[in-house]
$ cat target_13.cif   # mmCIF, C-alpha atoms
data_query
loop_
_atom_site.label_atom_id
_atom_site.label_comp_id
_atom_site.auth_asym_id
_atom_site.auth_seq_id
_atom_site.Cartn_x
_atom_site.Cartn_y
_atom_site.Cartn_z
CA MET A 1 28.52 -16.07 9.41
CA ILE A 2 29.13 -13.31 11.98
CA ASP A 3 26.95 -13.58 15.10
CA ARG A 4 27.55 -10.19 16.73
CA SER A 5 24.30 -8.30 16.11
CA ASP A 6 25.93 -4.87 16.15
CA THR A 7 28.00 -5.79 13.09
CA LEU A 8 25.07 -7.17 11.13
CA PRO A 9 22.97 -5.24 8.62
CA VAL A 10 19.40 -4.08 9.01
CA ALA A 11 17.37 -6.19 6.60
CA VAL A 12 14.86 -4.19 4.56
CA ILE A 13 12.28 -6.32 2.79
CA GLY A 14 11.10 -4.69 -0.43
CA SER A 15 12.67 -2.11 -2.75
CA GLY A 16 9.63 0.06 -3.36
CA PRO A 17 9.47 3.74 -2.37
CA VAL A 18 9.37 3.05 1.38
CA GLY A 19 11.94 0.26 1.29
CA LEU A 20 14.49 2.39 -0.56
CA ALA A 21 13.71 5.35 1.71
CA ALA A 22 14.42 3.10 4.69
CA ALA A 23 17.78 2.14 3.15
CA VAL A 24 18.96 5.73 2.66
CA GLN A 25 17.69 6.75 6.09
CA LEU A 26 19.70 3.92 7.62
CA LEU A 27 22.79 4.90 5.65
CA ASP A 28 22.38 8.47 6.84
CA ARG A 29 22.46 7.16 10.40
CA GLY A 30 25.64 5.14 9.84
CA LEU A 31 23.76 1.84 9.77
CA GLU A 32 24.20 -0.89 7.17
CA PRO A 33 21.06 -1.77 5.16
CA LEU A 34 20.53 -4.88 3.09
CA VAL A 35 17.52 -4.58 0.76
CA LEU A 36 15.86 -7.84 -0.30
CA GLU A 37 13.60 -7.56 -3.35
CA ALA A 38 11.49 -10.53 -4.46
CA GLY A 39 11.16 -9.26 -8.04
CA ASP A 40 13.74 -9.48 -10.79
CA GLU A 41 14.05 -5.69 -10.84
CA VAL A 42 14.03 -2.86 -8.35
CA ALA A 43 10.56 -1.66 -7.35
CA ALA A 44 8.90 -4.54 -9.14
CA GLY A 45 5.67 -3.87 -7.30
CA VAL A 46 5.52 -0.32 -8.62
CA ALA A 47 6.20 -1.63 -12.13
CA SER A 48 3.04 -3.73 -11.86
CA TRP A 49 0.89 -0.59 -11.62
CA GLY A 50 3.01 1.59 -13.85
CA HIS A 51 0.00 2.69 -15.93
CA VAL A 52 -1.69 4.33 -12.92
CA ARG A 53 -1.24 8.03 -12.22
CA LEU A 54 -0.67 9.04 -8.60
CA PHE A 55 -3.00 11.44 -6.82
CA SER A 56 0.00 12.97 -5.06
CA PRO A 57 2.34 15.31 -6.97
CA TRP A 58 6.08 14.81 -7.10
CA ARG A 59 6.63 17.04 -4.06
CA PHE A 60 4.79 14.47 -1.94
CA SER A 61 6.46 11.46 -3.57
CA VAL A 62 10.19 11.85 -2.87
CA ASP A 63 11.85 11.11 0.48
CA ALA A 64 13.90 14.02 1.86
CA VAL A 65 17.15 12.09 2.40
CA ALA A 66 16.79 10.35 -0.96
CA ARG A 67 16.32 13.74 -2.63
CA ARG A 68 19.47 15.12 -1.04
CA ARG A 69 21.58 12.12 -2.03
CA LEU A 70 20.26 12.20 -5.59
CA GLU A 71 20.80 15.93 -5.97
CA ASP A 72 24.39 15.50 -4.81
CA THR A 73 24.92 13.46 -7.99
CA GLY A 74 23.35 16.09 -10.27
CA TRP A 75 19.86 14.53 -10.38
CA VAL A 76 17.23 17.05 -11.38
CA ALA A 77 13.88 16.59 -9.69
CA PRO A 78 10.76 16.54 -11.90
CA ASP A 79 8.31 19.44 -11.73
CA GLU A 80 7.05 19.25 -8.16
CA GLU A 81 3.43 19.91 -9.15
CA ASP A 82 3.26 17.21 -11.83
CA HIS A 83 1.58 13.91 -10.96
CA PRO A 84 3.70 10.91 -11.97
CA THR A 85 2.45 7.55 -13.14
CA GLY A 86 3.83 4.50 -11.39
CA ALA A 87 6.19 3.97 -14.33
CA GLU A 88 7.45 7.56 -14.10
CA LEU A 89 7.91 7.28 -10.34
CA ARG A 90 10.01 4.19 -10.86
CA GLU A 91 12.03 5.35 -13.88
CA ARG A 92 12.69 8.94 -12.79
CA TYR A 93 13.15 8.43 -9.06
CA LEU A 94 13.36 4.87 -7.73
CA VAL A 95 15.75 3.42 -10.34
CA PRO A 96 18.20 6.37 -10.11
CA LEU A 97 18.04 6.07 -6.32
CA ALA A 98 18.76 2.34 -6.40
CA GLU A 99 21.69 2.97 -8.77
CA LEU A 100 23.52 5.24 -6.33
CA PRO A 101 26.89 3.58 -5.65
CA GLU A 102 26.32 3.50 -1.90
CA LEU A 103 23.00 1.72 -2.38
CA ALA A 104 23.37 -0.47 -5.47
CA ALA A 105 25.66 -3.01 -3.82
CA ARG A 106 23.26 -3.32 -0.89
CA ILE A 107 20.24 -4.41 -2.95
CA TRP A 108 19.57 -8.05 -3.81
CA THR A 109 16.95 -8.63 -6.48
CA ALA A 110 15.30 -11.99 -7.19
CA SER A 111 15.55 -12.54 -3.43
CA ARG A 112 12.23 -13.52 -1.93
CA VAL A 113 12.06 -13.70 1.86
CA VAL A 114 10.39 -16.98 2.77
CA ALA A 115 10.54 -16.68 6.56
CA VAL A 116 11.82 -14.41 9.33
CA THR A 117 12.76 -15.80 12.73
CA ARG A 118 15.45 -15.51 15.43
CA ARG A 119 18.55 -17.62 15.01
CA ALA A 120 18.08 -20.96 16.78
CA THR A 121 15.12 -19.41 18.62
CA ASP A 122 11.54 -20.25 17.81
CA LYS A 123 8.52 -18.17 18.80
CA MET A 124 8.05 -19.98 22.13
CA LYS A 125 11.57 -19.46 23.45
CA ASP A 126 12.22 -16.58 25.89
CA ALA A 127 15.81 -17.19 27.00
CA GLY A 128 18.31 -15.13 25.02
CA ARG A 129 15.67 -14.03 22.54
CA GLU A 130 16.60 -10.35 22.34
CA GLU A 131 20.29 -11.18 21.92
CA ALA A 132 19.70 -13.62 19.07
CA PRO A 133 20.05 -12.03 15.63
CA PHE A 134 17.21 -12.25 13.17
CA GLU A 135 17.51 -15.02 10.63
CA LEU A 136 15.87 -14.58 7.24
CA ILE A 137 15.39 -17.53 4.94
CA VAL A 138 15.73 -16.09 1.45
CA ASP A 139 15.06 -17.70 -1.90
CA VAL A 140 17.80 -16.17 -4.05
CA ALA A 141 17.09 -17.03 -7.68
CA GLY A 142 15.83 -20.44 -6.64
CA VAL A 143 18.50 -21.21 -4.03
CA ARG A 144 17.71 -20.98 -0.31
CA ALA A 145 20.09 -18.89 1.80
CA ARG A 146 20.25 -17.72 5.43
CA VAL A 147 20.75 -14.03 6.12
CA LEU A 148 21.41 -12.71 9.63
CA ALA A 149 20.33 -9.20 10.60
CA ARG A 150 20.35 -6.97 13.68
CA ALA A 151 16.89 -5.60 12.81
CA VAL A 152 14.22 -6.08 10.16
CA ILE A 153 12.00 -3.54 8.40
CA ASP A 154 9.31 -5.26 6.37
CA ALA A 155 8.30 -2.80 3.65
CA SER A 156 7.19 -5.46 1.19
CA GLY A 157 3.73 -3.98 0.65
CA SER A 158 0.46 -5.84 0.22
CA LEU A 159 0.09 -6.21 -3.55
CA SER A 160 0.75 -9.92 -3.48
CA GLU A 161 -2.32 -10.66 -1.37
CA HIS A 162 -5.58 -9.37 -2.84
CA ASN A 163 -9.00 -9.35 -1.23
CA SER A 164 -11.53 -11.72 -2.73
CA LEU A 165 -14.96 -10.96 -4.20
CA GLY A 166 -16.80 -12.63 -1.33
CA SER A 167 -18.40 -10.13 1.02
CA ALA A 168 -17.47 -12.19 4.09
CA GLY A 169 -13.72 -11.80 3.51
CA VAL A 170 -13.29 -15.22 1.91
CA PRO A 171 -13.66 -16.21 -1.75
CA ALA A 172 -17.22 -16.36 -3.01
CA ILE A 173 -18.56 -19.78 -3.85
CA GLY A 174 -17.30 -20.55 -7.36
CA GLU A 175 -14.68 -17.78 -7.32
CA PRO A 176 -11.54 -19.98 -7.32
CA GLU A 177 -12.87 -21.99 -10.26
CA LEU A 178 -13.27 -18.80 -12.32
CA ALA A 179 -9.80 -17.41 -11.65
CA ASP A 180 -9.04 -17.13 -15.37
CA ARG A 181 -12.03 -14.79 -15.83
CA ILE A 182 -11.20 -12.54 -12.88
CA ALA A 183 -8.51 -9.83 -12.78
CA TYR A 184 -7.59 -8.58 -9.29
CA GLY A 185 -6.28 -5.16 -8.34
CA LEU A 186 -5.48 -2.64 -11.05
CA PRO A 187 -5.14 -4.39 -14.41
CA ASP A 188 -3.93 -2.33 -17.36
CA VAL A 189 -7.24 -2.45 -19.19
CA ARG A 190 -6.08 -0.42 -22.19
CA ALA A 191 -3.06 -2.68 -22.71
CA GLN A 192 -5.39 -5.69 -22.48
CA ARG A 193 -8.00 -4.19 -24.77
CA ALA A 194 -8.62 -7.48 -26.56
CA ARG A 195 -9.73 -9.06 -23.29
CA TYR A 196 -12.36 -6.42 -22.52
CA ALA A 197 -13.44 -4.77 -25.78
CA GLY A 198 -16.97 -5.75 -26.74
CA LYS A 199 -17.41 -7.75 -23.53
CA ARG A 200 -19.76 -7.50 -20.58
CA VAL A 201 -17.50 -6.47 -17.71
CA LEU A 202 -18.34 -6.39 -13.99
CA VAL A 203 -16.15 -4.13 -11.83
CA VAL A 204 -16.39 -4.74 -8.08
CA GLY A 205 -15.09 -2.29 -5.47
CA ALA A 206 -15.91 1.17 -4.17
CA GLY A 207 -12.44 2.68 -4.03
CA HIS A 208 -10.33 4.77 -6.35
CA SER A 209 -8.75 1.66 -7.89
CA ALA A 210 -12.17 0.71 -9.20
CA MET A 211 -12.69 4.26 -10.48
CA ASN A 212 -9.43 4.16 -12.42
CA VAL A 213 -10.48 0.87 -13.97
CA LEU A 214 -13.88 2.28 -14.92
CA GLN A 215 -12.32 5.25 -16.70
CA ASP A 216 -10.08 2.92 -18.69
CA LEU A 217 -12.99 0.68 -19.61
CA VAL A 218 -15.00 3.66 -20.85
CA ALA A 219 -12.00 4.61 -23.02
CA VAL A 220 -12.00 1.06 -24.45
CA ARG A 221 -15.72 1.32 -25.13
CA ALA A 222 -15.14 4.47 -27.18
CA GLU A 223 -13.61 2.14 -29.80
CA ALA A 224 -15.86 -0.83 -29.03
CA PRO A 225 -19.34 0.58 -28.36
CA ASP A 226 -20.87 -2.81 -27.54
CA THR A 227 -18.72 -3.02 -24.38
CA ARG A 228 -21.00 -3.06 -21.33
CA ILE A 229 -19.74 -1.92 -17.93
CA VAL A 230 -21.45 -2.77 -14.64
CA TRP A 231 -20.08 -1.38 -11.37
CA ALA A 232 -21.02 -3.13 -8.13
CA VAL A 233 -20.42 -1.61 -4.68
CA ARG A 234 -21.45 -2.68 -1.21
CA ARG A 235 -22.34 0.85 -0.18
CA ALA A 236 -25.80 2.36 0.02
CA PRO A 237 -26.90 5.16 -2.34
CA ASP A 238 -26.67 7.76 0.43
CA ASP A 239 -23.02 6.94 1.16
CA GLU A 240 -20.28 9.28 -0.04
CA LEU A 241 -19.14 7.00 -2.85
CA PHE A 242 -17.47 9.63 -5.02
CA GLY A 243 -15.24 11.23 -2.38
CA GLY A 244 -15.09 14.54 -0.62
CA GLY A 245 -15.12 16.81 -3.67
CA GLU A 246 -13.84 20.27 -2.78
CA ARG A 247 -12.95 19.06 0.71
CA ASP A 248 -10.36 16.67 -0.71
CA GLY A 249 -6.87 18.11 -0.39
CA LEU A 250 -5.66 16.01 -3.33
CA PRO A 251 -7.23 17.68 -6.39
CA GLU A 252 -6.47 14.80 -8.75
CA ARG A 253 -8.34 12.38 -6.53
CA ALA A 254 -11.30 14.73 -6.27
CA ALA A 255 -11.32 15.09 -10.06
CA LEU A 256 -11.42 11.31 -10.49
CA GLY A 257 -14.43 11.05 -8.20
CA ARG A 258 -16.28 13.77 -10.11
CA ALA A 259 -15.45 12.20 -13.47
CA VAL A 260 -16.71 8.75 -12.49
CA GLU A 261 -19.83 10.24 -10.92
CA ALA A 262 -20.56 11.91 -14.28
CA LEU A 263 -20.07 8.58 -16.06
CA ALA A 264 -22.57 6.92 -13.74
CA GLN A 265 -25.10 9.73 -14.12
CA ALA A 266 -24.78 9.61 -17.92
CA GLY A 267 -25.36 5.86 -17.95
CA ASP A 268 -21.91 5.05 -19.33
CA VAL A 269 -21.44 2.90 -16.24
CA GLU A 270 -24.32 0.90 -14.76
CA LEU A 271 -23.96 1.40 -11.00
CA ARG A 272 -25.40 -1.17 -8.59
CA TYR A 273 -25.49 -0.34 -4.87
CA GLY A 274 -25.76 -2.74 -1.94
CA VAL A 275 -24.07 -5.66 -3.66
CA ARG A 276 -22.53 -8.22 -1.31
CA ILE A 277 -21.42 -11.10 -3.49
CA GLU A 278 -21.95 -14.59 -2.13
CA ALA A 279 -21.41 -16.80 -5.16
CA LEU A 280 -20.45 -16.88 -8.83
CA GLU A 281 -22.27 -19.22 -11.17
CA THR A 282 -21.31 -20.22 -14.69
CA THR A 283 -24.22 -20.37 -17.10
CA ALA A 284 -24.52 -20.94 -20.83
CA HIS A 285 -24.70 -17.18 -21.28
CA GLY A 286 -21.85 -16.13 -18.98
CA ILE A 287 -21.00 -15.59 -15.32
CA VAL A 288 -23.74 -14.58 -12.87
CA ALA A 289 -22.81 -12.93 -9.56
CA ILE A 290 -25.26 -13.92 -6.83
CA HIS A 291 -25.72 -11.47 -3.97
CA GLU A 292 -28.12 -11.17 -1.07
CA ASN A 293 -30.45 -8.85 -2.97
CA GLY A 294 -30.46 -10.64 -6.31
CA ALA A 295 -28.01 -11.28 -9.12
CA ILE A 296 -25.87 -9.44 -11.67
CA GLY A 297 -25.14 -10.81 -15.09
CA PRO A 298 -24.46 -12.66 -17.12
CA VAL A 299 -21.05 -11.07 -17.70
CA ASP A 300 -17.92 -12.19 -19.52
CA GLU A 301 -15.17 -10.75 -17.32
CA ILE A 302 -14.85 -9.57 -13.72
CA ILE A 303 -12.38 -7.04 -12.32
CA ALA A 304 -12.05 -7.29 -8.54
CA ALA A 305 -10.73 -3.90 -7.39
CA THR A 306 -11.43 -4.96 -3.83
CA GLY A 307 -8.19 -3.99 -2.13
CA TYR A 308 -5.39 -5.90 -0.48
CA ARG A 309 -4.38 -7.43 2.81
CA PRO A 310 -0.91 -8.11 4.28
CA ASP A 311 0.75 -11.47 3.71
CA LEU A 312 1.88 -12.38 7.22
CA GLY A 313 2.85 -15.99 6.54
CA MET A 314 6.59 -15.38 6.49
CA LEU A 315 6.40 -13.66 9.91
CA ARG A 316 4.77 -16.53 11.76
CA GLU A 317 7.76 -17.17 14.06
CA LEU A 318 7.89 -13.55 15.25
CA ARG A 319 6.01 -12.09 18.19
CA LEU A 320 3.73 -9.53 16.61
CA ALA A 321 1.09 -7.31 18.18
CA LEU A 322 -1.53 -6.79 15.47
CA ASP A 323 -5.02 -5.41 15.81
CA SER A 324 -7.54 -8.22 15.47
CA SER A 325 -9.56 -6.50 12.74
CA VAL A 326 -7.32 -4.04 10.88
CA GLU A 327 -4.25 -6.32 11.10
CA ALA A 328 -2.06 -3.29 11.71
CA PRO A 329 0.18 -2.69 14.76
CA VAL A 330 -2.12 -2.26 17.75
CA ALA A 331 -1.09 1.33 18.47
CA LEU A 332 -1.53 2.35 14.83
CA ALA A 333 -4.83 0.61 14.11
CA PRO A 334 -7.15 3.16 15.81
CA LEU A 335 -5.58 5.95 13.77
CA ILE A 336 -6.30 4.32 10.40
CA ASP A 337 -9.42 2.22 10.98
CA PRO A 338 -11.58 2.64 7.84
CA ASN A 339 -14.71 2.13 9.97
CA VAL A 340 -13.99 5.55 11.44
CA HIS A 341 -12.75 7.54 8.47
CA SER A 342 -12.10 7.21 4.78
CA CYS A 343 -9.46 9.91 4.47
CA GLY A 344 -5.93 9.30 3.34
CA SER A 345 -4.51 11.59 6.00
CA VAL A 346 -3.80 10.14 9.44
CA PRO A 347 -1.70 11.57 12.25
CA PRO A 348 2.00 11.23 11.47
CA HIS A 349 3.36 8.35 13.47
CA GLY A 350 6.63 6.59 13.96
CA GLU A 351 8.62 3.92 15.72
CA ARG A 352 6.59 3.79 18.92
CA GLU A 353 3.31 3.15 17.08
CA LEU A 354 4.99 0.58 14.83
CA ALA A 355 6.86 -1.39 17.50
CA HIS A 356 6.03 -5.02 18.29
CA PRO A 357 6.83 -7.33 21.20
CA GLU A 358 9.60 -8.59 18.91
CA PRO A 359 12.30 -5.93 19.49
CA ASN A 360 13.77 -4.31 16.38
CA PHE A 361 11.17 -5.68 14.01
CA TYR A 362 8.88 -3.28 12.15
CA LEU A 363 6.22 -3.31 9.48
CA ALA A 364 6.46 -0.13 7.40
CA GLY A 365 4.71 1.37 4.42
CA MET A 366 1.50 -0.08 3.02
CA LYS A 367 1.95 -3.37 4.87
CA SER A 368 1.89 -1.58 8.22
CA TYR A 369 -1.67 -0.44 7.46
CA GLY A 370 -2.95 -4.00 7.36
CA ARG A 371 -6.34 -4.01 5.66
CA ALA A 372 -6.86 -0.25 5.87
CA PRO A 373 -6.79 1.48 2.44
CA THR A 374 -5.70 4.91 3.66
CA PHE A 375 -1.92 4.77 3.16
CA LEU A 376 -0.01 7.76 1.75
CA MET A 377 3.59 7.49 0.57
CA LEU A 378 4.73 10.43 2.70
CA THR A 379 3.49 8.64 5.78
CA GLY A 380 5.74 5.71 4.94
CA TYR A 381 8.74 8.00 4.59
CA GLU A 382 8.06 9.44 8.03
CA GLN A 383 7.73 5.93 9.44
CA VAL A 384 11.16 4.79 8.25
CA ARG A 385 12.82 8.07 9.25
CA SER A 386 11.62 7.48 12.80
CA ILE A 387 12.55 3.78 12.75
CA ALA A 388 16.09 4.52 11.50
CA ALA A 389 16.54 7.11 14.26
CA ALA A 390 15.40 4.64 16.90
CA LEU A 391 17.70 1.90 15.62
CA ALA A 392 20.57 4.38 15.75
CA GLY A 393 19.75 5.20 19.37
CA ASP A 394 18.42 8.71 18.74
CA ARG A 395 15.22 8.54 20.77
CA GLU A 396 14.53 12.26 20.54
CA ALA A 397 14.58 12.19 16.72
CA ALA A 398 12.53 9.01 16.62
CA ASP A 399 9.75 10.63 18.66
CA ARG A 400 9.83 13.97 16.84
CA VAL A 401 7.19 14.61 14.18
CA GLU A 402 8.79 15.89 10.99
CA LEU A 403 5.77 15.76 8.73
CA LEU A 404 2.54 17.62 8.13
CA LEU A 405 0.07 15.91 5.86
CA PRO A 406 -2.55 17.65 3.74
CA GLU A 407 -6.19 17.02 4.56
CA THR A 408 -7.19 14.46 1.96
CA GLY A 409 -10.77 13.53 2.52
CA VAL A 410 -13.70 13.44 4.89
CA CYS A 411 -14.53 11.10 7.71
CA LYS A 412 -17.14 8.40 7.57
CA ALA A 413 -18.04 9.03 11.17
CA SER A 414 -17.36 11.84 13.56
CA VAL A 415 -14.60 11.42 16.09
CA PRO A 416 -15.56 12.99 19.44
CA THR A 417 -13.98 16.38 19.93
CA SER A 418 -12.67 15.06 23.23
CA ALA A 419 -10.54 12.48 21.41
CA PRO A 420 -6.79 12.87 21.91
CA ALA A 421 -4.83 14.56 19.17
CA SER A 422 -3.17 11.26 18.34
CA GLN A 423 -6.58 9.95 17.23
CA ALA A 424 -7.66 13.00 15.31
CA GLY A 425 -6.24 12.41 11.85
CA CYS A 426 -8.32 14.37 9.40
CA CYS A 427 -11.43 13.89 11.50
CA LEU A 428 -10.86 16.88 13.72
CA PRO A 429 -9.77 20.47 13.23
CA SER A 430 -6.06 20.97 12.74
CA VAL A 431 -3.76 19.17 15.14
CA GLU A 432 -0.85 21.12 16.50
CA ARG A 433 2.43 19.82 15.14
CA ASP A 434 5.96 21.10 14.80
CA PRO A 435 5.75 24.18 12.54
CA ALA A 436 9.39 23.78 11.55
CA PHE A 437 8.41 21.06 9.11
CA ASP A 438 5.97 21.04 6.22
CA THR A 439 5.07 18.71 3.43
CA ALA A 440 6.57 20.91 0.74
CA SER A 441 10.05 20.23 2.07
CA VAL A 442 9.65 16.53 2.72
#

$ encode --input "target_13.cif" --output "structure tokens"
Amino acid sequence: MIDRSDTLPVAVIGSGPVGLAAAVQLLDRGLEPLVLEAGDEVAAGVASWGHVRLFSPWRFSVDAVARRRLEDTGWVAPDEEDHPTGAELRERYLVPLAELPELAARIWTASRVVAVTRRATDKMKDAGREEAPFELIVDVAGVRARVLARAVIDASGSLSEHNSLGSAGVPAIGEPELADRIAYGLPDVRAQRARYAGKRVLVVGAGHSAMNVLQDLVAVRAEAPDTRIVWAVRRAPDDELFGGGERDGLPERAALGRAVEALAQAGDVELRYGVRIEALETTAHGIVAIHENGAIGPVDEIIAATGYRPDLGMLRELRLALDSSVEAPVALAPLIDPNVHSCGSVPPHGERELAHPEPNFYLAGMKSYGRAPTFLMLTGYEQVRSIAAALAGDREAADRVELLLPETGVCKASVPTSAPASQAGCCLPSVERDPAFDTASV
């Protein structure tokens, strides 16, 4: 295998929207990408939530370079104001992109990255570290292989590592033993109607994933009226559970919040505030969720729409600089910390905020946000544009902001007006950015 790093590819982990955008951005810069996808098909992660409709319209869902390359082949973009489902995003955009001749041969599916390190150089070794190429141990259809790379962009997302029901960040007592009665993330409730129809269902989580699940459960109950739906959130009644309403720059998200609020007010969903689950108990009548203020149940099924966290196990031999709470790159963490704001719009950021002590390694996309739930796809596209420019040696382009994001929510807490623009996000009045770029063209 060739050792000269300048002849090696840039390894991109994951073939979702941000991973494929990274690949075309690298190609545009004359760099060689190699995309490693753990699933058996391109964008397998997106396929897993194909039933979910995006809040962002098509105009906010397609990378600029990817659009140009697709249009050069005669691809016709969907109506820019329509909101695609995950399945539509994959079928109408990501699969055609992956099938471009210049990209198709550079994508390996059924190739799960097991570990990333430096060749013959463990985490403790300083001498020659920066000159050593990256070495990725890849499970290719059940066979281990070594892949060398000059740089690595980990855009593998966070869907493989869900948060548990326990309020302390670890599984609740009894949770592992009830795994067959708990669905994590965004299950396709309508497709699994037999599992939930006529059952007592507990939905846990205060985010929009939980709201999507609740709407689907109410649709199931329309055909099975004895279905009972309980919604448990940690928040207090005076918290802004249902979103920013008219202040939300994503109308579809605002509409979801209003719709679920109406369901709760009408009694279609039994809403319980202040629930911090400590244990699950199995009784003769069903599952009981024990929390510090009492208990919920018995119920038959639980849906844990409690979010995700990054799987960092494969990166253990790399020198990473991650915030101790958010688990995002240290320069990015203050901009996305959900303790400060709940909006989906954060200041556009790039290679400098994503860099680690390990040169030429980057987390990008949802995984770069660690445990923060505020990621927007456009932000990921801007990240990999900047990273590709930096890897190509174009520092000016890497530092330039080429993205304006819409205001998409309201802050949980006020950021001081003296805060630097880089910390403003959607928590301050408009931040001055390059007027030559806007979201409509990205």

$ closest_residue --input "target_13.cif" --among "A:Pro329, A:Gly370, A:Gly19, A:Pro33" --to "His356 (chain A)" --atoms "all atoms listed in the file"
A:Pro329

$ resolve_selection --input "target_13.cif" --expression "the PyMOL selection byres ((chain A and resi 23) around 9)" --output "list in words"
Val10, Val12, Ser15, Val18, Gly19, Leu20, Ala21, Ala22, Val24, Gln25, Leu26, Leu27, Asp28, Leu31, Glu32, Pro33, Leu34, Val35, Leu103, Arg106, Val384 and Ala388 of chain A

$ atom_distance --input "target_13.cif" --atom1 "CA of Leu256 (chain A)" --atom2 "CA of Phe55 (chain A)"
9.2 Å

$ residues_around --input "target_13.cif" --residues "region 207-210 of chain A" --least-positions-apart "5" --cutoff "12 Å" --atoms "all atoms listed in the file" --output "ChimeraX atom specification"
/A:49,51-55,183-189,202,215-217,229-235,240-243,252-261,269,271,302-308,338,342-344,372-374

$ atom_distance --input "target_13.cif" --atom1 "CA of Lys199 (chain A)" --atom2 "CA of Ile277 (chain A)"
20.7 Å

$ residues_around --input "target_13.cif" --residues "Leu312 (chain A)" --least-positions-apart "3" --cutoff "12 Å" --atoms "all atoms listed in the file" --output "list in words"
Val113, Val114, Ala115, Val116, Asp154, Ser156, Gly157, Ser158, Ser160, Glu161, Arg309, Leu315, Arg316, Glu317, Leu318, Arg319, Leu320, Leu322, Glu327, Ala328, Leu363, Lys367, Ser368, Gly370 and Arg371 of chain A

$ residues_around --input "target_13.cif" --residues "Glu99 (chain A)" --least-positions-apart "3" --cutoff "12 Å" --atoms "all atoms listed in the file" --output "ChimeraX atom specification"
/A:15,20,41-42,66,69-70,73,75,90-96,102-107

$ residues_around --input "target_13.cif" --residues "region 57-63 of chain A" --least-positions-apart "3" --cutoff "10 Å" --atoms "only C-alpha atoms" --output "PDB file with C-alpha atoms, in the frame of the given file"
ATOM      1  CA  PRO A  17       9.470   3.740  -2.370  1.00  0.00           C
ATOM      2  CA  VAL A  18       9.370   3.050   1.380  1.00  0.00           C
ATOM      3  CA  LEU A  20      14.490   2.390  -0.560  1.00  0.00           C
ATOM      4  CA  ALA A  21      13.710   5.350   1.710  1.00  0.00           C
ATOM      5  CA  ALA A  22      14.420   3.100   4.690  1.00  0.00           C
ATOM      6  CA  VAL A  24      18.960   5.730   2.660  1.00  0.00           C
ATOM      7  CA  GLN A  25      17.690   6.750   6.090  1.00  0.00           C
ATOM      8  CA  ARG A  53      -1.240   8.030 -12.220  1.00  0.00           C
ATOM      9  CA  LEU A  54      -0.670   9.040  -8.600  1.00  0.00           C
ATOM     10  CA  ALA A  66      16.790  10.350  -0.960  1.00  0.00           C
ATOM     11  CA  ARG A  67      16.320  13.740  -2.630  1.00  0.00           C
ATOM     12  CA  ARG A  68      19.470  15.120  -1.040  1.00  0.00           C
ATOM     13  CA  ALA A  77      13.880  16.590  -9.690  1.00  0.00           C
ATOM     14  CA  PRO A  78      10.760  16.540 -11.900  1.00  0.00           C
ATOM     15  CA  ASP A  79       8.310  19.440 -11.730  1.00  0.00           C
ATOM     16  CA  GLU A  80       7.050  19.250  -8.160  1.00  0.00           C
ATOM     17  CA  GLU A  81       3.430  19.910  -9.150  1.00  0.00           C
ATOM     18  CA  ASP A  82       3.260  17.210 -11.830  1.00  0.00           C
ATOM     19  CA  HIS A  83       1.580  13.910 -10.960  1.00  0.00           C
ATOM     20  CA  PRO A  84       3.700  10.910 -11.970  1.00  0.00           C
ATOM     21  CA  THR A  85       2.450   7.550 -13.140  1.00  0.00           C
ATOM     22  CA  LEU A  89       7.910   7.280 -10.340  1.00  0.00           C
ATOM     23  CA  TYR A  93      13.150   8.430  -9.060  1.00  0.00           C
ATOM     24  CA  LEU A  94      13.360   4.870  -7.730  1.00  0.00           C
ATOM     25  CA  LEU A 250      -5.660  16.010  -3.330  1.00  0.00           C
ATOM     26  CA  PRO A 251      -7.230  17.680  -6.390  1.00  0.00           C
ATOM     27  CA  GLU A 252      -6.470  14.800  -8.750  1.00  0.00           C
ATOM     28  CA  LEU A 376      -0.010   7.760   1.750  1.00  0.00           C
ATOM     29  CA  MET A 377       3.590   7.490   0.570  1.00  0.00           C
ATOM     30  CA  LEU A 378       4.730  10.430   2.700  1.00  0.00           C
ATOM     31  CA  THR A 379       3.490   8.640   5.780  1.00  0.00           C
ATOM     32  CA  GLY A 380       5.740   5.710   4.940  1.00  0.00           C
ATOM     33  CA  TYR A 381       8.740   8.000   4.590  1.00  0.00           C
ATOM     34  CA  GLU A 382       8.060   9.440   8.030  1.00  0.00           C
ATOM     35  CA  ARG A 385      12.820   8.070   9.250  1.00  0.00           C
ATOM     36  CA  LEU A 405       0.070  15.910   5.860  1.00  0.00           C
ATOM     37  CA  PRO A 406      -2.550  17.650   3.740  1.00  0.00           C
ATOM     38  CA  THR A 439       5.070  18.710   3.430  1.00  0.00           C
ATOM     39  CA  ALA A 440       6.570  20.910   0.740  1.00  0.00           C
ATOM     40  CA  SER A 441      10.050  20.230   2.070  1.00  0.00           C
ATOM     41  CA  VAL A 442       9.650  16.530   2.720  1.00  0.00           C
TER      42      VAL A 442
END

$ closest_residue --input "target_13.cif" --among "A:Gly365, A:Leu100, A:Ser56, A:Ala110" --to "Ala44 (chain A)" --atoms "all atoms listed in the file"
A:Ala110

$ axis_aligned_box --input "target_13.cif" --around "region 276-282 of chain A" --padding-each-side "6 Å" --output "JSON"
{"center_x": -21.5, "center_y": -14.2, "center_z": -8.0, "size_x": 14.1, "size_y": 24.0, "size_z": 25.4}

$ closest_residue --input "target_13.cif" --among "A:Gly313, A:Pro347, A:Gly174, A:Gly274" --to "Ile287 (chain A)" --atoms "all atoms listed in the file"
A:Gly174

$ resolve_selection --input "target_13.cif" --expression "the PyMOL selection byres ((chain A and resi 36) around 6)" --output "list in words"
Ile13, Gly14, Val35, Glu37, Trp108 and Ser111 of chain A
